[in-house]
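Input: a single structure, listed below in structure tokens.
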Number of protein chains: 2
Amino acid sequence: MARAERTEAGDACPIERSISLIGRRSTVLLLREASYGTSRFDDFVRRTGLTESVTADQLRRLVAEGLLTKHPYREPAQRQRFEYVLTEAGHDLVPILLALGSWGEKHRPRSHRIRLVHADCGAPIHVEVRCEAGHAPPESEVAVVLEDRPAT
Amino acid sequence: MARAERTEAGDACPIERSISLIGRRSTVLLLREASYGTSRFDDFVRRTGLTESVTADQLRRLVAEGLLTKHPYREPAQRQRFEYVLTEAGHDLVPILLALGSWGEKHRPRSHRIRLVHADCGAPIHVEVRCEAGHAPPESEVAVVLEDRPAT
DNA sequence: AGGCTGACTTTGGGTTTACAAAGCCATCGT
DNA sequence: ACGATGGCTTTGTAAACCCAAAGTCAGCCT
């Protein structure tokens, strides 16, 4: 009950909804791997360091939540396998993971650092908040607008 | 021990470091409130819906981690109070919270929607991945570069 | 036919996160 | 002097998260 109440209360805030969905170490690690191209169960286990049970549970959940798809495939002369691939929604989370990583690099540095660059031009990459007119507004100029969603 | 091992293993990945730090509902809610200007204990409790003990624990942790500062202040003819304010590191997380929110709005819509706009020009705001040359590279063109950090 | 491998499931236990309710204490206003 | 905050702490409980290790099972490979 406490949970139900909490969920309803937080329902209005999209930040809370999102963090309830993906604010877990296991989830983020799996999404990170998926964005690197990992698609097979054992690879997820090995590269994230998560246990098999956690991996199975979370992959299932991510599929149910529509962030990954699971479909069978078979290479010639091989048995059937399953591959997990990011959906569009999952894909849309990748910039956020990158932003988290770049925050960590800046504010929690380690001896060797990881930078992101644009492979085509070599320039360093960062994540920025921008409006469609091309401005990069400071926080004080970001306004929250509430509106009814038109009934489709 | 299991914990120590895990922490060390994940130490190399900045995404994992970041998510271990802030990938919790309570933390995100408190940071959200702080970014809205909330600074007093009771306001945090009331606006996030968290319990007092969780709020106290997490505020303490956020201060210890350098995402918030706590300093005493007193308004004239009032007793001494404490206020919690975002540090620069905490501030740098705000765009990520906004991005999470905007992801939630897009992929987990509710009946009324919340949009972010640039107050000065009215244009909708989003979060984007860009290189310094101004390109918006697709995921496939984002390369991860490992380098030693020069010993200062 | 038997073993191996990939993809899980099961069992059992530890830690973390969160909640609810009550208590504590210094200080301010009256 | 005393009651009402504000800002916590304490206690007790439940759920979520994660780990380690072992078991299952279908299908290919020899």
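Following the order of the structure tokens, first chain is A, next is B, and so on, with residues numbered from 1 inside each chain and ligands from 1 in the order they appear.
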
Mind listing as a PyMOL selection string which residues of chain D are within 10 Å of chain B, counting only C-alpha atoms (C1' of nucleotides)? chain D and resi 6-10+18-20

Once you have the residues from the selection above, write them out as a tab-separated table (two decimals), in the first residue's frame, restricted to N, CA and C atoms (P, O5', C5', C4', C3', O3' and C1' of nucleotides).
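Full text of selection01.tsv as output:
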```
chain	number	residue	atom	x	y	z
D	6	DG	P	7.89	24.99	11.15
D	6	DG	O5'	9.41	24.70	11.52
D	6	DG	C5'	10.26	25.79	11.88
D	6	DG	C4'	11.68	25.27	12.01
D	6	DG	C3'	12.14	24.37	10.85
D	6	DG	O3'	13.50	24.69	10.58
D	6	DG	C1'	12.21	23.15	12.88
D	7	DG	P	14.24	23.96	9.42
D	7	DG	O5'	14.91	22.75	10.19
D	7	DG	C5'	16.00	23.01	11.06
D	7	DG	C4'	16.45	21.72	11.68
D	7	DG	C3'	16.79	20.60	10.67
D	7	DG	O3'	18.00	19.98	11.05
D	7	DG	C1'	15.35	19.81	12.30
D	8	DC	P	18.89	19.26	9.95
D	8	DC	O5'	18.11	17.93	9.59
D	8	DC	C5'	18.37	16.62	10.08
D	8	DC	C4'	18.16	16.47	11.57
D	8	DC	C3'	18.31	15.04	12.04
D	8	DC	O3'	19.68	14.80	12.40
D	8	DC	C1'	16.44	16.10	13.07
D	9	DT	P	20.18	13.31	12.31
D	9	DT	O5'	19.46	12.59	13.55
D	9	DT	C5'	19.80	12.95	14.88
D	9	DT	C4'	19.17	11.93	15.83
D	9	DT	C3'	19.59	10.48	15.54
D	9	DT	O3'	19.88	9.86	16.79
D	9	DT	C1'	17.24	10.67	15.46
D	10	DT	P	20.42	8.37	16.82
D	10	DT	O5'	19.12	7.50	17.22
D	10	DT	C5'	18.22	7.99	18.21
D	10	DT	C4'	17.06	7.01	18.36
D	10	DT	C3'	17.41	5.54	18.07
D	10	DT	O3'	16.96	4.75	19.16
D	10	DT	C1'	15.51	6.20	16.81
D	18	DC	P	20.93	-3.95	-8.42
D	18	DC	O5'	21.81	-5.13	-7.83
D	18	DC	C5'	22.75	-4.86	-6.79
D	18	DC	C4'	23.26	-6.14	-6.23
D	18	DC	C3'	23.74	-7.15	-7.27
D	18	DC	O3'	25.17	-7.15	-7.31
D	18	DC	C1'	22.55	-8.17	-5.46
D	19	DC	P	25.97	-8.12	-8.27
D	19	DC	O5'	26.41	-9.32	-7.30
D	19	DC	C5'	26.94	-9.02	-6.01
D	19	DC	C4'	27.06	-10.30	-5.21
D	19	DC	C3'	27.61	-11.46	-6.04
D	19	DC	O3'	28.81	-11.96	-5.50
D	19	DC	C1'	25.64	-12.11	-4.88
D	20	DA	P	29.70	-12.90	-6.47
D	20	DA	O5'	29.89	-14.25	-5.65
D	20	DA	C5'	29.51	-14.39	-4.29
D	20	DA	C4'	29.15	-15.84	-4.03
D	20	DA	C3'	29.77	-16.83	-5.03
D	20	DA	O3'	30.29	-17.93	-4.30
D	20	DA	C1'	27.41	-17.08	-4.98
```

Mind dumping a table of every chain C residue within 9 Å of chain B, with the nearest atom pair and its distance in Å to one decimal, using only C-alpha atoms (C1' of nucleotides), sorted by chain and rising number, as a tab-separated table?
```
residue	atom	partner	partner_atom	distance
C:DT15	C1'	B:Arg3	CA	8.8
C:DT17	C1'	B:Arg24	CA	8.6
C:DA18	C1'	B:Val54	CA	7.3
C:DC19	C1'	B:Thr51	CA	7.0
C:DA20	C1'	B:Thr51	CA	8.5
C:DT27	C1'	B:Arg79	CA	6.4
C:DC28	C1'	B:Arg79	CA	6.6
```

Against chain A, which residues of chain B fall within 6 Å? For each one I want the closest pair of atoms and the distance in Å (one decimal), counting only C-alpha atoms, rows by chain and increasing residue number, as a tab-separated table.
```
residue	atom	partner	partner_atom	distance
B:Pro14	CA	A:Gly101	CA	4.7
B:Ile15	CA	A:Gly101	CA	4.0
B:Ser18	CA	A:Gly104	CA	5.3
B:Gly23	CA	A:Gly23	CA	4.6
B:Arg24	CA	A:Gly23	CA	5.8
B:Leu100	CA	A:Ile15	CA	5.5
B:Gly101	CA	A:Ile15	CA	4.1
B:Gly104	CA	A:Pro14	CA	5.0
B:Glu105	CA	A:Pro14	CA	5.9
B:Ser111	CA	A:Arg149	CA	5.7
B:His112	CA	A:Asp148	CA	4.4
B:Arg113	CA	A:Glu147	CA	5.5
B:Ile114	CA	A:Leu146	CA	4.6
B:Arg115	CA	A:Val145	CA	5.0
B:Leu116	CA	A:Val144	CA	4.8
B:Val117	CA	A:Ala143	CA	5.3
B:His118	CA	A:Val142	CA	5.1
B:Ala119	CA	A:Glu141	CA	5.1
B:Ala123	CA	A:Glu132	CA	5.6
B:Pro124	CA	A:Cys131	CA	5.4
B:Ile125	CA	A:Cys131	CA	4.0
B:His126	CA	A:Arg130	CA	5.6
B:Val127	CA	A:Val129	CA	4.5
B:Glu128	CA	A:Glu128	CA	5.5
B:Val129	CA	A:Val127	CA	4.5
B:Arg130	CA	A:Ile125	CA	5.5
B:Cys131	CA	A:Ile125	CA	4.0
B:Glu132	CA	A:Ala123	CA	5.6
B:Glu141	CA	A:Ala119	CA	5.1
B:Val142	CA	A:His118	CA	5.1
B:Ala143	CA	A:Val117	CA	5.3
B:Val144	CA	A:Leu116	CA	4.8
B:Val145	CA	A:Arg115	CA	5.0
B:Leu146	CA	A:Ile114	CA	4.7
B:Glu147	CA	A:Arg113	CA	5.5
B:Asp148	CA	A:His112	CA	4.3
B:Arg149	CA	A:His112	CA	5.1
```

Please produce an output containing N, CA and C atoms for each residue in the selection, written as a tab-separated table (two decimals), in the first residue's frame.
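Writing the result to again_8.tsv gives the following:
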```tsv
chain	number	residue	atom	x	y	z
B	14	PRO	N	32.94	5.31	-15.75
B	14	PRO	CA	32.39	6.51	-15.13
B	14	PRO	C	30.87	6.48	-15.07
B	15	ILE	N	30.24	5.78	-15.98
B	15	ILE	CA	28.79	5.67	-15.92
B	15	ILE	C	28.39	4.92	-14.65
B	18	SER	N	28.91	7.06	-11.56
B	18	SER	CA	27.86	8.07	-11.40
B	18	SER	C	26.55	7.46	-10.93
B	23	GLY	N	22.02	7.08	-8.53
B	23	GLY	CA	20.96	6.27	-9.11
B	23	GLY	C	20.01	5.74	-8.07
B	24	ARG	N	19.36	6.64	-7.40
B	24	ARG	CA	18.42	6.27	-6.35
B	24	ARG	C	17.29	7.26	-6.41
B	100	LEU	N	16.37	13.21	-18.22
B	100	LEU	CA	15.59	12.06	-17.74
B	100	LEU	C	14.10	12.38	-17.80
B	101	GLY	N	13.77	13.58	-17.36
B	101	GLY	CA	12.37	13.99	-17.39
B	101	GLY	C	11.84	14.04	-18.80
B	104	GLY	N	11.20	10.62	-20.05
B	104	GLY	CA	9.96	10.09	-19.46
B	104	GLY	C	8.72	10.66	-20.13
B	105	GLU	N	8.77	11.95	-20.43
B	105	GLU	CA	7.63	12.59	-21.09
B	105	GLU	C	7.37	11.98	-22.46
B	111	SER	N	-1.40	11.89	-18.81
B	111	SER	CA	-2.48	12.71	-19.38
B	111	SER	C	-2.12	14.19	-19.51
B	112	HIS	N	-1.46	14.71	-18.51
B	112	HIS	CA	-1.00	16.07	-18.72
B	112	HIS	C	0.51	16.02	-18.88
B	113	ARG	N	1.00	16.85	-19.74
B	113	ARG	CA	2.43	16.73	-19.96
B	113	ARG	C	3.19	17.97	-19.53
B	114	ILE	N	4.42	17.74	-19.26
B	114	ILE	CA	5.29	18.78	-18.77
B	114	ILE	C	6.35	19.01	-19.84
B	115	ARG	N	6.43	20.24	-20.30
B	115	ARG	CA	7.46	20.54	-21.28
B	115	ARG	C	8.44	21.53	-20.72
B	116	LEU	N	9.63	21.49	-21.24
B	116	LEU	CA	10.63	22.47	-20.85
B	116	LEU	C	10.79	23.45	-21.99
B	117	VAL	N	10.76	24.71	-21.67
B	117	VAL	CA	10.98	25.71	-22.71
B	117	VAL	C	12.03	26.72	-22.25
B	118	HIS	N	12.63	27.34	-23.22
B	118	HIS	CA	13.57	28.42	-22.94
B	118	HIS	C	12.74	29.67	-22.64
B	119	ALA	N	12.80	30.14	-21.40
B	119	ALA	CA	11.94	31.23	-20.98
B	119	ALA	C	12.11	32.47	-21.86
B	123	ALA	N	11.12	28.63	-27.09
B	123	ALA	CA	11.34	27.40	-27.85
B	123	ALA	C	11.54	26.21	-26.91
B	124	PRO	N	11.02	25.06	-27.31
B	124	PRO	CA	11.18	23.86	-26.48
B	124	PRO	C	12.65	23.46	-26.34
B	125	ILE	N	12.93	22.87	-25.21
B	125	ILE	CA	14.30	22.52	-24.89
B	125	ILE	C	14.49	21.01	-24.94
B	126	HIS	N	15.62	20.59	-25.44
B	126	HIS	CA	15.96	19.18	-25.36
B	126	HIS	C	17.44	19.03	-25.08
B	127	VAL	N	17.85	17.79	-24.89
B	127	VAL	CA	19.24	17.52	-24.55
B	127	VAL	C	19.89	16.84	-25.74
B	128	GLU	N	21.02	17.30	-26.14
B	128	GLU	CA	21.64	16.68	-27.30
B	128	GLU	C	23.12	16.39	-27.12
B	129	VAL	N	23.55	15.41	-27.90
B	129	VAL	CA	24.96	15.03	-27.90
B	129	VAL	C	25.62	15.76	-29.06
B	130	ARG	N	26.66	16.50	-28.76
B	130	ARG	CA	27.32	17.27	-29.81
B	130	ARG	C	28.83	17.25	-29.66
B	131	CYS	N	29.52	17.32	-30.76
B	131	CYS	CA	30.98	17.46	-30.67
B	131	CYS	C	31.31	18.94	-30.80
B	132	GLU	N	32.54	19.25	-30.47
B	132	GLU	CA	32.91	20.66	-30.43
B	132	GLU	C	32.94	21.32	-31.80
B	141	GLU	N	28.90	6.93	-34.37
B	141	GLU	CA	30.11	7.73	-34.57
B	141	GLU	C	30.70	8.25	-33.27
B	142	VAL	N	30.16	7.77	-32.16
B	142	VAL	CA	30.71	8.15	-30.86
B	142	VAL	C	31.79	7.14	-30.48
B	143	ALA	N	33.01	7.61	-30.35
B	143	ALA	CA	34.11	6.71	-30.00
B	143	ALA	C	34.59	6.97	-28.58
B	144	VAL	N	34.96	5.92	-27.91
B	144	VAL	CA	35.45	6.03	-26.54
B	144	VAL	C	36.98	6.00	-26.58
B	145	VAL	N	37.58	7.01	-25.99
B	145	VAL	CA	39.04	7.10	-26.00
B	145	VAL	C	39.58	7.02	-24.58
B	146	LEU	N	40.52	6.12	-24.39
B	146	LEU	CA	41.14	5.96	-23.07
B	146	LEU	C	42.48	6.66	-23.06
B	147	GLU	N	42.71	7.47	-22.06
B	147	GLU	CA	44.03	8.10	-21.98
B	147	GLU	C	44.47	8.25	-20.53
B	148	ASP	N	45.77	8.31	-20.32
B	148	ASP	CA	46.27	8.54	-18.97
B	148	ASP	C	46.05	10.00	-18.62
B	149	ARG	N	45.68	10.18	-17.40
B	149	ARG	CA	45.52	11.55	-16.93
B	149	ARG	C	46.89	12.02	-16.47
```

Output, as a compact mmCIF listing (two decimals) with C-alpha atoms, in the first residue's frame, the coordinates of chain B following least-squares superposition onto chain A across all in-order C-alpha pairs.
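Final output, saved to result_26.txt:
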```
# COMPACT_ATOMS: atom_id res chain seq x y z
CA MET B 1 0.12 -0.20 -0.22
CA ALA B 2 2.85 2.13 0.73
CA ARG B 3 4.38 1.37 -2.61
CA ALA B 4 1.21 2.04 -4.54
CA GLU B 5 0.74 5.36 -2.83
CA ARG B 6 4.27 6.36 -3.52
CA THR B 7 4.06 5.42 -7.16
CA GLU B 8 0.90 7.42 -7.65
CA ALA B 9 2.27 10.43 -5.90
CA GLY B 10 5.35 10.46 -8.06
CA ASP B 11 3.47 9.74 -11.21
CA ALA B 12 3.23 13.33 -12.20
CA CYS B 13 6.94 13.94 -12.36
CA PRO B 14 8.60 12.52 -15.45
CA ILE B 15 12.02 12.60 -13.81
CA GLU B 16 10.74 10.38 -11.06
CA ARG B 17 9.07 8.04 -13.50
CA SER B 18 12.26 7.68 -15.47
CA ILE B 19 14.50 7.15 -12.50
CA SER B 20 12.15 4.53 -11.09
CA LEU B 21 12.50 2.72 -14.37
CA ILE B 22 16.21 2.87 -14.97
CA GLY B 23 17.79 4.20 -11.79
CA ARG B 24 19.48 0.97 -10.90
CA ARG B 25 23.01 -0.11 -11.37
CA SER B 26 22.14 -3.39 -13.07
CA THR B 27 19.78 -1.72 -15.52
CA VAL B 28 22.26 0.93 -16.50
CA LEU B 29 25.07 -1.57 -16.93
CA LEU B 30 22.93 -3.72 -19.18
CA LEU B 31 21.86 -0.76 -21.26
CA ARG B 32 25.44 0.37 -21.53
CA GLU B 33 26.45 -3.05 -22.82
CA ALA B 34 23.55 -3.15 -25.22
CA SER B 35 24.63 0.20 -26.60
CA TYR B 36 28.11 -1.22 -27.12
CA GLY B 37 26.55 -3.96 -29.20
CA THR B 38 26.34 -6.78 -26.71
CA SER B 39 23.34 -8.95 -27.48
CA ARG B 40 23.80 -12.35 -25.89
CA PHE B 41 22.99 -13.43 -22.38
CA ASP B 42 26.38 -14.75 -21.42
CA ASP B 43 28.12 -11.70 -22.79
CA PHE B 44 25.91 -9.48 -20.68
CA VAL B 45 26.79 -11.54 -17.63
CA ARG B 46 30.48 -11.51 -18.31
CA ARG B 47 30.86 -7.89 -19.29
CA THR B 48 28.71 -6.37 -16.58
CA GLY B 49 29.86 -8.65 -13.79
CA LEU B 50 26.26 -9.11 -12.67
CA THR B 51 25.05 -12.51 -11.57
CA GLU B 52 23.05 -14.62 -13.95
CA SER B 53 19.88 -14.30 -11.95
CA VAL B 54 20.06 -10.52 -11.83
CA THR B 55 20.88 -10.42 -15.50
CA ALA B 56 17.96 -12.66 -16.38
CA ASP B 57 15.56 -10.64 -14.22
CA GLN B 58 16.64 -7.29 -15.52
CA LEU B 59 16.77 -8.30 -19.17
CA ARG B 60 13.25 -9.61 -18.80
CA ARG B 61 12.18 -6.38 -17.22
CA LEU B 62 13.85 -4.25 -19.88
CA VAL B 63 12.09 -6.24 -22.56
CA ALA B 64 8.76 -5.87 -20.74
CA GLU B 65 9.33 -2.13 -20.43
CA GLY B 66 10.06 -1.82 -24.10
CA LEU B 67 13.69 -0.78 -23.86
CA LEU B 68 15.01 -3.98 -25.39
CA THR B 69 13.62 -6.51 -27.80
CA LYS B 70 14.38 -10.18 -27.60
CA HIS B 71 14.24 -12.21 -30.75
CA PRO B 72 15.47 -15.58 -31.73
CA TYR B 73 18.00 -15.96 -34.48
CA ARG B 74 20.17 -18.69 -35.79
CA GLU B 75 23.44 -18.56 -37.52
CA PRO B 76 23.98 -21.22 -40.15
CA ALA B 77 24.80 -24.57 -38.59
CA GLN B 78 24.18 -23.16 -35.13
CA ARG B 79 21.33 -23.73 -32.77
CA GLN B 80 18.76 -21.09 -32.12
CA ARG B 81 19.85 -18.23 -29.93
CA PHE B 82 18.25 -15.11 -28.58
CA GLU B 83 19.52 -11.66 -29.07
CA TYR B 84 18.66 -8.56 -27.12
CA VAL B 85 18.63 -5.32 -29.05
CA LEU B 86 17.85 -1.75 -28.01
CA THR B 87 14.49 -0.39 -29.08
CA GLU B 88 14.10 3.22 -30.07
CA ALA B 89 13.20 4.11 -26.50
CA GLY B 90 16.28 2.30 -25.29
CA HIS B 91 18.33 4.03 -27.90
CA ASP B 92 17.12 7.40 -26.71
CA LEU B 93 18.58 6.69 -23.32
CA VAL B 94 22.11 6.33 -24.62
CA PRO B 95 22.88 10.06 -24.64
CA ILE B 96 21.84 10.17 -21.01
CA LEU B 97 24.23 7.36 -20.19
CA LEU B 98 26.95 9.22 -22.03
CA ALA B 99 26.13 12.34 -20.10
CA LEU B 100 26.32 10.43 -16.83
CA GLY B 101 29.68 9.08 -17.85
CA SER B 102 31.00 12.43 -18.80
CA TRP B 103 29.78 13.90 -15.52
CA GLY B 104 31.62 11.12 -13.69
CA GLU B 105 34.78 11.79 -15.66
CA LYS B 106 34.68 15.43 -14.73
CA HIS B 107 33.68 15.25 -11.10
CA ARG B 108 34.92 11.85 -10.05
CA PRO B 109 38.16 11.52 -11.97
CA ARG B 110 40.33 8.43 -11.97
CA SER B 111 43.89 7.86 -13.08
CA HIS B 112 43.07 7.04 -16.63
CA ARG B 113 40.30 8.91 -18.24
CA ILE B 114 37.75 8.09 -20.83
CA ARG B 115 36.74 10.73 -23.29
CA LEU B 116 34.07 10.73 -25.91
CA VAL B 117 34.92 12.11 -29.30
CA HIS B 118 33.14 12.50 -32.58
CA ALA B 119 34.80 9.82 -34.69
CA ASP B 120 34.37 11.79 -37.90
CA CYS B 121 35.97 15.04 -36.79
CA GLY B 122 37.84 14.15 -33.61
CA ALA B 123 36.26 16.88 -31.49
CA PRO B 124 35.29 16.07 -27.92
CA ILE B 125 31.64 15.43 -27.25
CA HIS B 126 29.47 16.77 -24.49
CA VAL B 127 25.81 16.97 -23.65
CA GLU B 128 24.06 20.29 -23.69
CA VAL B 129 20.72 21.86 -22.99
CA ARG B 130 19.48 23.88 -25.92
CA CYS B 131 16.30 25.51 -27.10
CA GLU B 132 15.12 25.22 -30.65
CA ALA B 133 16.18 28.76 -31.36
CA GLY B 134 19.69 27.59 -30.70
CA HIS B 135 20.29 29.26 -27.36
CA ALA B 136 21.94 27.40 -24.50
CA PRO B 137 19.87 28.79 -21.64
CA PRO B 138 21.28 28.82 -18.12
CA GLU B 139 19.22 27.00 -15.56
CA SER B 140 17.49 30.13 -14.45
CA GLU B 141 15.96 30.54 -17.87
CA VAL B 142 14.54 27.04 -18.08
CA ALA B 143 10.80 27.20 -17.47
CA VAL B 144 8.51 24.27 -16.82
CA VAL B 145 5.23 24.39 -18.70
CA LEU B 146 2.26 22.21 -17.86
CA GLU B 147 -0.27 21.48 -20.54
CA ASP B 148 -3.04 19.02 -21.24
CA ARG B 149 -2.19 16.44 -23.76
CA PRO B 150 -4.78 16.47 -26.52
CA ALA B 151 -6.92 13.34 -26.45
CA THR B 152 -6.05 11.45 -29.57
```

Taking only chain A into account, list the residues labelled strand (DSSP E) by DSSP (computed from the backbone), as JSON, numbers by chain. {"A": [68, 69, 70, 71, 72, 73, 74, 80, 81, 82, 83, 84, 85, 86, 112, 113, 114, 115, 116, 117, 118, 125, 126, 127, 128, 129, 130, 131, 142, 143, 144, 145, 146, 147, 148]}

Dump of N, CA and C atoms for the selected residues, as a short mmCIF file (atom, residue, chain, number, x, y, z; two decimals), in the first residue's frame:
```cif
data_model
loop_
_atom_site.label_atom_id
_atom_site.label_comp_id
_atom_site.auth_asym_id
_atom_site.auth_seq_id
_atom_site.Cartn_x
_atom_site.Cartn_y
_atom_site.Cartn_z
N LEU A 68 14.27 -2.92 -24.57
CA LEU A 68 15.01 -3.88 -25.38
C LEU A 68 14.01 -4.78 -26.09
N THR A 69 14.43 -5.30 -27.21
CA THR A 69 13.64 -6.38 -27.82
C THR A 69 14.45 -7.66 -27.74
N LYS A 70 13.75 -8.76 -27.68
CA LYS A 70 14.42 -10.06 -27.67
C LYS A 70 13.91 -10.83 -28.87
N HIS A 71 14.77 -11.13 -29.80
CA HIS A 71 14.28 -12.04 -30.83
C HIS A 71 15.27 -13.13 -31.13
N PRO A 72 14.70 -14.25 -31.53
CA PRO A 72 15.54 -15.40 -31.84
C PRO A 72 16.24 -15.19 -33.16
N TYR A 73 17.38 -15.77 -33.29
CA TYR A 73 18.07 -15.74 -34.57
C TYR A 73 18.90 -17.01 -34.65
N ARG A 74 19.31 -17.37 -35.83
CA ARG A 74 20.24 -18.49 -35.92
C ARG A 74 21.24 -18.25 -37.03
N GLN A 80 19.53 -22.21 -32.45
CA GLN A 80 18.83 -20.94 -32.28
C GLN A 80 19.34 -20.20 -31.05
N ARG A 81 19.52 -18.92 -31.21
CA ARG A 81 19.93 -18.08 -30.08
C ARG A 81 18.93 -16.94 -29.92
N PHE A 82 19.13 -16.16 -28.85
CA PHE A 82 18.33 -14.96 -28.70
C PHE A 82 19.24 -13.75 -28.71
N GLU A 83 18.76 -12.70 -29.29
CA GLU A 83 19.55 -11.49 -29.17
C GLU A 83 18.69 -10.37 -28.60
N TYR A 84 19.34 -9.56 -27.79
CA TYR A 84 18.68 -8.42 -27.16
C TYR A 84 19.19 -7.16 -27.85
N VAL A 85 18.25 -6.36 -28.32
CA VAL A 85 18.62 -5.15 -29.06
C VAL A 85 17.82 -3.97 -28.53
N LEU A 86 18.46 -2.83 -28.46
CA LEU A 86 17.80 -1.62 -27.99
C LEU A 86 16.63 -1.23 -28.89
N HIS A 112 43.07 7.09 -15.05
CA HIS A 112 43.00 7.15 -16.50
C HIS A 112 41.61 7.64 -16.87
N ARG A 113 41.55 8.41 -17.87
CA ARG A 113 40.25 8.96 -18.14
C ARG A 113 39.70 8.51 -19.48
N ILE A 114 38.42 8.56 -19.56
CA ILE A 114 37.72 8.11 -20.74
C ILE A 114 37.07 9.33 -21.37
N ARG A 115 37.40 9.58 -22.62
CA ARG A 115 36.78 10.69 -23.30
C ARG A 115 35.93 10.18 -24.45
N LEU A 116 34.97 10.97 -24.82
CA LEU A 116 34.15 10.63 -25.97
C LEU A 116 34.53 11.57 -27.09
N VAL A 117 34.76 11.02 -28.24
CA VAL A 117 35.05 11.86 -29.39
C VAL A 117 34.17 11.48 -30.57
N HIS A 118 33.98 12.43 -31.45
CA HIS A 118 33.27 12.17 -32.68
C HIS A 118 34.24 11.48 -33.63
N ILE A 125 33.29 15.20 -27.50
CA ILE A 125 31.84 15.25 -27.46
C ILE A 125 31.36 15.60 -26.06
N HIS A 126 30.35 16.39 -25.99
CA HIS A 126 29.71 16.60 -24.71
C HIS A 126 28.20 16.64 -24.90
N VAL A 127 27.50 16.68 -23.79
CA VAL A 127 26.05 16.66 -23.83
C VAL A 127 25.55 18.02 -23.39
N GLU A 128 24.64 18.60 -24.13
CA GLU A 128 24.21 19.94 -23.77
C GLU A 128 22.70 20.12 -23.84
N VAL A 129 22.26 21.09 -23.06
CA VAL A 129 20.85 21.45 -23.05
C VAL A 129 20.66 22.60 -24.03
N ARG A 130 19.77 22.42 -24.97
CA ARG A 130 19.59 23.45 -25.98
C ARG A 130 18.12 23.63 -26.31
N CYS A 131 17.76 24.83 -26.69
CA CYS A 131 16.41 25.02 -27.18
C CYS A 131 16.43 24.96 -28.69
N VAL A 142 15.36 28.06 -17.84
CA VAL A 142 14.59 26.88 -18.19
C VAL A 142 13.26 26.93 -17.45
N ALA A 143 12.18 26.96 -18.19
CA ALA A 143 10.87 27.04 -17.57
C ALA A 143 10.11 25.73 -17.76
N VAL A 144 9.35 25.36 -16.78
CA VAL A 144 8.55 24.15 -16.84
C VAL A 144 7.13 24.54 -17.21
N VAL A 145 6.61 23.95 -18.26
CA VAL A 145 5.27 24.28 -18.72
C VAL A 145 4.37 23.06 -18.60
N LEU A 146 3.25 23.26 -17.97
CA LEU A 146 2.27 22.18 -17.82
C LEU A 146 1.16 22.35 -18.83
N GLU A 147 0.83 21.32 -19.55
CA GLU A 147 -0.28 21.45 -20.48
C GLU A 147 -1.04 20.13 -20.57
N ASP A 148 -2.29 20.23 -20.94
CA ASP A 148 -3.07 19.03 -21.15
C ASP A 148 -2.66 18.40 -22.46
#
```

Where in stretch 69-142 of chain B does DSSP assign helix (DSSP H, G or I), given as a list in words?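 Selecting the helix (DSSP H, G or I) positions of stretch 69-142 of chain B gives Glu88, Ala89, Gly90, His91, Asp92, Leu93, Val94, Pro95, Ile96, Leu97, Leu98, Ala99, Leu100, Gly101, Ser102, Trp103, Gly104, Glu105, Lys106, His107, Glu139, Ser140 and Glu141 of chain B.
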
Report, in Å to a single decimal, how far apart atom C1' of C:DA7 and atom C1' of D:DA16 are. 24.6 Å
